[in-house]
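J.: I'm passing along upload-v4.pdb; it holds PDB, C-alpha atoms and all ligand atoms.
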ATOM      1  CA  MET Y1359     -62.987  22.702  75.450
ATOM      2  CA  SER Y1360     -65.887  20.298  74.817
ATOM      3  CA  GLU Y1361     -65.512  16.566  74.065
ATOM      4  CA  GLU Y1362     -62.791  15.599  71.575
ATOM      5  CA  LYS Y1363     -63.806  14.422  68.091
ATOM      6  CA  SER Y1364     -62.106  11.957  65.737
ATOM      7  CA  VAL Y1365     -60.277  13.209  62.655
ATOM      8  CA  ILE Y1366     -62.096  10.735  60.411
ATOM      9  CA  ASP Y1367     -65.530  12.116  61.415
ATOM     10  CA  SER Y1368     -64.919  15.438  59.659
ATOM     11  CA  GLU Y1369     -62.794  14.195  56.720
ATOM     12  CA  VAL Y1370     -63.979  15.340  53.277
ATOM     13  CA  ILE Y1371     -63.121  14.121  49.780
ATOM     14  CA  ILE Y1372     -64.550  16.110  46.895
ATOM     15  CA  GLN Y1373     -64.305  14.917  43.305
ATOM     16  CA  GLN Y1374     -64.381  17.128  40.223
ATOM     17  CA  ILE Y1375     -63.860  16.761  36.495
ATOM     18  CA  VAL Y1376     -61.841  19.536  34.847
ATOM     19  CA  MET Y1377     -64.018  21.338  32.286
ATOM     20  CA  PRO Y1378     -62.755  23.754  29.585
ATOM     21  CA  ASN Y1379     -64.073  26.689  31.660
ATOM     22  CA  ASP Y1380     -61.670  25.759  34.479
ATOM     23  CA  THR Y1381     -58.550  26.089  32.343
ATOM     24  CA  ASN Y1382     -56.034  28.719  31.248
ATOM     25  CA  PRO Y1383     -54.857  29.295  27.642
ATOM     26  CA  ASN Y1384     -52.506  26.243  27.957
ATOM     27  CA  ASN Y1385     -55.491  23.905  28.540
ATOM     28  CA  THR Y1386     -54.260  23.219  32.056
ATOM     29  CA  ILE Y1387     -56.226  24.149  35.135
ATOM     30  CA  PHE Y1388     -56.297  27.731  36.381
ATOM     31  CA  GLY Y1389     -54.671  27.864  39.853
ATOM     32  CA  GLY Y1390     -57.585  29.869  41.307
ATOM     33  CA  VAL Y1391     -59.990  27.017  40.489
ATOM     34  CA  VAL Y1392     -57.848  24.543  42.446
ATOM     35  CA  MET Y1393     -57.622  27.041  45.311
ATOM     36  CA  SER Y1394     -61.418  27.421  45.441
ATOM     37  CA  TRP Y1395     -61.895  23.604  45.527
ATOM     38  CA  VAL Y1396     -59.285  23.347  48.302
ATOM     39  CA  ASP Y1397     -60.916  26.199  50.269
ATOM     40  CA  MET Y1398     -64.345  24.570  49.875
ATOM     41  CA  ALA Y1399     -63.221  21.096  50.989
ATOM     42  CA  ALA Y1400     -61.321  22.536  53.969
ATOM     43  CA  ALA Y1401     -64.273  24.747  54.971
ATOM     44  CA  MET Y1402     -66.535  21.673  54.971
ATOM     45  CA  VAL Y1403     -64.109  19.889  57.316
ATOM     46  CA  ALA Y1404     -63.968  22.925  59.646
ATOM     47  CA  GLU Y1405     -67.784  23.212  59.711
ATOM     48  CA  ARG Y1406     -68.233  19.497  60.355
ATOM     49  CA  HIS Y1407     -65.719  19.536  63.187
ATOM     50  CA  SER Y1408     -66.874  22.729  64.914
ATOM     51  CA  GLN Y1409     -70.560  22.686  63.901
ATOM     52  CA  LYS Y1410     -70.261  26.498  63.670
ATOM     53  CA  HIS Y1411     -69.955  29.108  60.954
ATOM     54  CA  VAL Y1412     -66.316  29.267  59.889
ATOM     55  CA  VAL Y1413     -64.088  31.685  57.968
ATOM     56  CA  THR Y1414     -60.747  31.164  56.253
ATOM     57  CA  VAL Y1415     -58.160  33.246  58.079
ATOM     58  CA  HIS Y1416     -54.925  31.971  56.528
ATOM     59  CA  ILE Y1417     -53.688  29.799  53.653
ATOM     60  CA  ASP Y1418     -50.201  28.396  54.033
ATOM     61  CA  ASP Y1419     -47.797  26.730  51.723
ATOM     62  CA  ILE Y1420     -49.916  26.102  48.626
ATOM     63  CA  THR Y1421     -47.744  24.323  46.074
ATOM     64  CA  PHE Y1422     -48.599  23.309  42.508
ATOM     65  CA  LEU Y1423     -46.404  20.303  41.776
ATOM     66  CA  SER Y1424     -47.637  19.302  38.318
ATOM     67  CA  PRO Y1425     -50.244  20.571  35.824
ATOM     68  CA  ILE Y1426     -53.830  19.256  35.750
ATOM     69  CA  LYS Y1427     -55.322  18.845  32.269
ATOM     70  CA  VAL Y1428     -58.825  19.321  30.887
ATOM     71  CA  GLY Y1429     -60.779  16.050  31.341
ATOM     72  CA  ASP Y1430     -58.708  14.928  34.352
ATOM     73  CA  HIS Y1431     -60.584  13.719  37.421
ATOM     74  CA  VAL Y1432     -59.497  15.615  40.516
ATOM     75  CA  SER Y1433     -59.930  14.583  44.117
ATOM     76  CA  VAL Y1434     -59.375  16.951  47.016
ATOM     77  CA  LYS Y1435     -58.898  15.231  50.359
ATOM     78  CA  ALA Y1436     -59.135  17.477  53.413
ATOM     79  CA  GLN Y1437     -58.479  16.473  57.015
ATOM     80  CA  ILE Y1438     -58.236  18.338  60.285
ATOM     81  CA  ASN Y1439     -54.618  18.270  61.507
ATOM     82  CA  TYR Y1440     -54.579  20.490  64.575
ATOM     83  CA  VAL Y1441     -56.935  22.656  66.632
ATOM     84  CA  GLY Y1442     -56.419  25.642  68.887
ATOM     85  CA  LYS Y1443     -59.084  27.346  70.987
ATOM     86  CA  SER Y1444     -61.164  28.616  68.059
ATOM     87  CA  SER Y1445     -58.920  27.850  65.072
ATOM     88  CA  MET Y1446     -58.514  24.694  63.003
ATOM     89  CA  LEU Y1447     -55.600  23.760  60.741
ATOM     90  CA  ILE Y1448     -56.809  21.708  57.787
ATOM     91  CA  GLY Y1449     -54.424  19.840  55.484
ATOM     92  CA  CYS Y1450     -55.465  19.306  51.848
ATOM     93  CA  LYS Y1451     -54.033  16.982  49.230
ATOM     94  CA  VAL Y1452     -55.071  17.228  45.581
ATOM     95  CA  VAL Y1453     -54.668  14.217  43.285
ATOM     96  CA  ALA Y1454     -55.376  14.319  39.529
ATOM     97  CA  GLU Y1455     -56.205  11.190  37.551
ATOM     98  CA  ASN Y1456     -56.225  10.650  33.812
ATOM     99  CA  PRO Y1457     -59.404   8.525  33.510
ATOM    100  CA  ARG Y1458     -58.189   6.888  30.255
ATOM    101  CA  THR Y1459     -54.869   5.631  31.610
ATOM    102  CA  GLY Y1460     -55.595   5.513  35.370
ATOM    103  CA  ASP Y1461     -52.388   7.494  35.942
ATOM    104  CA  LYS Y1462     -52.631   9.410  39.258
ATOM    105  CA  ARG Y1463     -50.502  12.403  40.291
ATOM    106  CA  HIS Y1464     -50.239  14.302  43.556
ATOM    107  CA  THR Y1465     -50.561  17.844  42.201
ATOM    108  CA  THR Y1466     -51.157  20.217  45.118
ATOM    109  CA  SER Y1467     -50.825  20.422  48.879
ATOM    110  CA  ALA Y1468     -52.029  23.200  51.151
ATOM    111  CA  TYR Y1469     -52.676  24.036  54.802
ATOM    112  CA  LEU Y1470     -55.609  26.289  55.654
ATOM    113  CA  THR Y1471     -56.571  27.869  58.962
ATOM    114  CA  PHE Y1472     -60.246  28.437  59.730
ATOM    115  CA  VAL Y1473     -61.772  30.174  62.731
ATOM    116  CA  ALA Y1474     -65.158  29.183  64.159
ATOM    117  CA  LEU Y1475     -67.457  32.118  64.850
ATOM    118  CA  ASN Y1476     -70.315  32.618  67.297
ATOM    119  CA  ASP Y1477     -73.608  34.343  66.533
ATOM    120  CA  VAL Y1478     -72.034  37.796  66.751
ATOM    121  CA  GLY Y1479     -69.136  36.903  64.450
ATOM    122  CA  ARG Y1480     -66.444  36.507  67.128
ATOM    123  CA  PRO Y1481     -64.111  33.500  67.558
ATOM    124  CA  THR Y1482     -65.679  30.758  69.649
ATOM    125  CA  GLU Y1483     -64.383  27.629  71.353
ATOM    126  CA  ILE Y1484     -64.358  24.362  69.426
ATOM    127  CA  PRO Y1485     -63.946  20.658  70.320
ATOM    128  CA  GLY Y1486     -60.451  19.166  70.472
ATOM    129  CA  ILE Y1487     -59.313  16.328  68.201
ATOM    130  CA  LYS Y1488     -58.666  12.725  69.124
ATOM    131  CA  VAL Y1489     -55.486  11.719  67.308
ATOM    132  CA  GLU Y1490     -55.513   7.951  66.883
ATOM    133  CA  SER Y1491     -53.225   6.698  64.101
ATOM    134  CA  GLU Y1492     -49.475   7.327  63.867
ATOM    135  CA  GLU Y1493     -50.180   9.472  60.783
ATOM    136  CA  GLU Y1494     -52.682  11.635  62.712
ATOM    137  CA  LYS Y1495     -50.184  11.998  65.565
ATOM    138  CA  ARG Y1496     -47.462  13.094  63.108
ATOM    139  CA  ARG Y1497     -49.804  15.635  61.455
ATOM    140  CA  PHE Y1498     -50.878  16.970  64.866
ATOM    141  CA  LYS Y1499     -47.254  17.505  65.911
ATOM    142  CA  GLU Y1500     -46.371  19.181  62.606
ATOM    143  CA  GLY Y1501     -49.582  21.259  62.822
ATOM    144  CA  MET Y1502     -48.658  22.491  66.282
ATOM    145  CA  ALA Y1503     -45.247  23.633  64.961
ATOM    146  CA  ARG Y1504     -46.878  25.292  61.928
ATOM    147  CA  VAL Y1505     -49.382  27.212  64.099
ATOM    148  CA  LYS Y1506     -46.591  28.340  66.426
ATOM    149  CA  ALA Y1507     -44.543  29.530  63.414
ATOM    150  CA  GLN Y1508     -47.591  31.454  62.081
ATOM    151  CA  LYS Y1509     -48.082  33.129  65.473
ATOM    152  CA  ASP Y1510     -44.391  34.077  65.708
ATOM    153  CA  LYS Y1511     -44.534  35.549  62.190
ATOM    154  CA  ARG Y1512     -47.631  37.610  63.080
ATOM    155  CA  LYS Y1513     -45.898  38.923  66.199
ATOM    156  CA  THR Y1514     -42.866  40.104  64.217
ATOM    157  CA  LYS Y1515     -45.166  41.871  61.701
ATOM    158  CA  LYS Y1516     -46.910  43.919  64.451
TER
HETATM  159  C1  LIG Y1601     -61.198  35.374  61.869
HETATM  160  C2  LIG Y1601     -61.295  36.649  62.672
HETATM  161  C3  LIG Y1601     -62.727  36.814  63.222
HETATM  162  C4  LIG Y1601     -60.297  36.529  63.841
HETATM  163  O1  LIG Y1601     -60.372  37.712  64.578
HETATM  164  P1  LIG Y1601     -59.200  38.106  65.606
HETATM  165  O2  LIG Y1601     -59.606  39.363  66.261
HETATM  166  O3  LIG Y1601     -57.885  38.016  64.904
HETATM  167  O4  LIG Y1601     -59.317  36.954  66.661
HETATM  168  P2  LIG Y1601     -58.244  36.434  67.685
HETATM  169  O5  LIG Y1601     -57.013  37.284  67.740
HETATM  170  O6  LIG Y1601     -59.010  36.188  68.963
HETATM  171  O7  LIG Y1601     -57.801  35.024  67.049
HETATM  172  C5  LIG Y1601     -58.731  33.961  66.978
HETATM  173  C6  LIG Y1601     -58.007  32.743  66.471
HETATM  174  O8  LIG Y1601     -57.615  32.947  65.112
HETATM  175  C7  LIG Y1601     -56.229  32.699  64.969
HETATM  176  N1  LIG Y1601     -55.748  33.636  63.953
HETATM  177  C8  LIG Y1601     -56.013  34.950  63.868
HETATM  178  N2  LIG Y1601     -55.385  35.473  62.796
HETATM  179  C9  LIG Y1601     -54.729  34.453  62.203
HETATM  180  C10 LIG Y1601     -53.885  34.352  61.050
HETATM  181  N3  LIG Y1601     -53.587  35.396  60.290
HETATM  182  N4  LIG Y1601     -53.376  33.145  60.729
HETATM  183  C11 LIG Y1601     -53.649  32.043  61.477
HETATM  184  N5  LIG Y1601     -54.451  32.072  62.590
HETATM  185  C12 LIG Y1601     -54.961  33.275  62.936
HETATM  186  C13 LIG Y1601     -55.637  32.983  66.342
HETATM  187  O9  LIG Y1601     -54.394  32.319  66.514
HETATM  188  C14 LIG Y1601     -56.713  32.446  67.242
HETATM  189  O10 LIG Y1601     -56.594  31.023  67.321
HETATM  190  P3  LIG Y1601     -56.990  30.198  68.667
HETATM  191  O11 LIG Y1601     -58.331  30.725  69.149
HETATM  192  O12 LIG Y1601     -57.122  28.786  68.200
HETATM  193  O13 LIG Y1601     -55.903  30.419  69.634
HETATM  194  C15 LIG Y1601     -60.949  37.912  61.809
HETATM  195  O14 LIG Y1601     -59.564  37.886  61.509
HETATM  196  C16 LIG Y1601     -61.724  37.957  60.503
HETATM  197  O15 LIG Y1601     -62.941  38.197  60.502
HETATM  198  N6  LIG Y1601     -61.063  37.756  59.368
HETATM  199  C17 LIG Y1601     -61.703  37.747  58.064
HETATM  200  C18 LIG Y1601     -62.116  36.323  57.675
HETATM  201  C19 LIG Y1601     -62.665  36.296  56.280
HETATM  202  O16 LIG Y1601     -63.444  37.137  55.913
HETATM  203  N7  LIG Y1601     -62.206  35.297  55.504
HETATM  204  C20 LIG Y1601     -62.404  35.236  54.077
HETATM  205  C21 LIG Y1601     -63.711  34.746  53.644
HETATM  206  S1  LIG Y1601     -64.235  33.253  54.399
END
I'd like the structure from this file rewritten - as structure tokens, please.
T.:
Amino acid sequence: MSEEKSVIDSEVIIQQIVMPNDTNPNNTIFGGVVMSWVDMAAAMVAERHSQKHVVTVHIDDITFLSPIKVGDHVSVKAQINYVGKSSMLIGCKVVAENPRTGDKRHTTSAYLTFVALNDVGRPTEIPGIKVESEEEKRRFKEGMARVKAQKDKRKTKK
């Protein structure tokens, strides 16, 4: 594994405003739109960290906690939590804000696994992560358990 990189160096925050086209017949956001923003933010983190082409291989635990309305401002924060040999676990947190009241709500969380690919489209080795803060250490530990659980689940499916 090459030199370790800091979590903060690959962190991404994307900001969006919810337009009528993004919504369902209830005027709240369509879940697929949130998922595409989450996938995009997480992919940017994985590319920044690995400096390779990356693909989404798994999405874990996506939860919609409260609705997001047309006109809300949405921020998607994505951070690398854990790395394997070629895979990266990225945690995403979505927060919606009503720009007229300033009210902010945590609306969605998700964990995505990306794999870095070499020039012939096969998994390739990536740098490790330097976990510095207590929060990063906690996420790393939880990420390791999550990845192990995913692997165990795949084994039982085979
Ligand atoms: C990603 C891909 C190349 C992996 O191929 P593979 O033959 O399974 O590769 P490996 O078994 O060597 O696994 C490579 C890594 O992926 C991880 N992985 C593979 N399948 C996984 C899954 N379902 N969930 C989580 N991690 C997975 C492995 O644990 C391994 O991690 P490590 O290198 O950190 O230990 C292949 O599954 C693929 O091309 N998938 C399609 C991706 C895609 O098109 N995504 C949607 C659009 S972006």
J.: Apply the PyMOL selection byres (((chain Y and resi 1499-1505) around 12) and not hetatm) to the structure shown and report the selected residues as a PyMOL selection string.
T.: chain Y and resi 1416-1419+1437-1443+1445-1449+1469-1472+1489+1492-1498+1506-1512
J.: For a quick check of understanding, using all atoms listed in the file, which of Y:Gln1409, Y:Asn1456, Y:Thr1381, Y:Ser1444 has the smallest distance to ligand LIG 1601 (chain Y)?
T.: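 Of all the options, Y:Ser1444 lies closest to ligand LIG 1601 (chain Y).
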J.: Could you tell me, as a ChimeraX atom specification, exactly which residues end up selected when the PyMOL selection byres (((chain Y and resi 1372) around 8) and not hetatm) is applied to this structure?
T.: /Y:1370-1371,1373-1374,1399,1433-1435
J.: Rounded to one decimal, what separation in Å do you get between CA of Ile1387 in chain Y and CA of Glu1455 in chain Y?
T.: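 Rounded to one decimal, the two atoms are 13.2 Å apart.
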J.: Could you list, as a list in words, every residue matched by the PyMOL selection byres (((chain Y and resi 1362) around 6) and not hetatm) in this structure?
T.: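 Checking the PyMOL selection byres (((chain Y and resi 1362) around 6) and not hetatm) against this file, the residues are Glu1361, Lys1363, Pro1485, Gly1486, Ile1487 and Lys1488 of chain Y.
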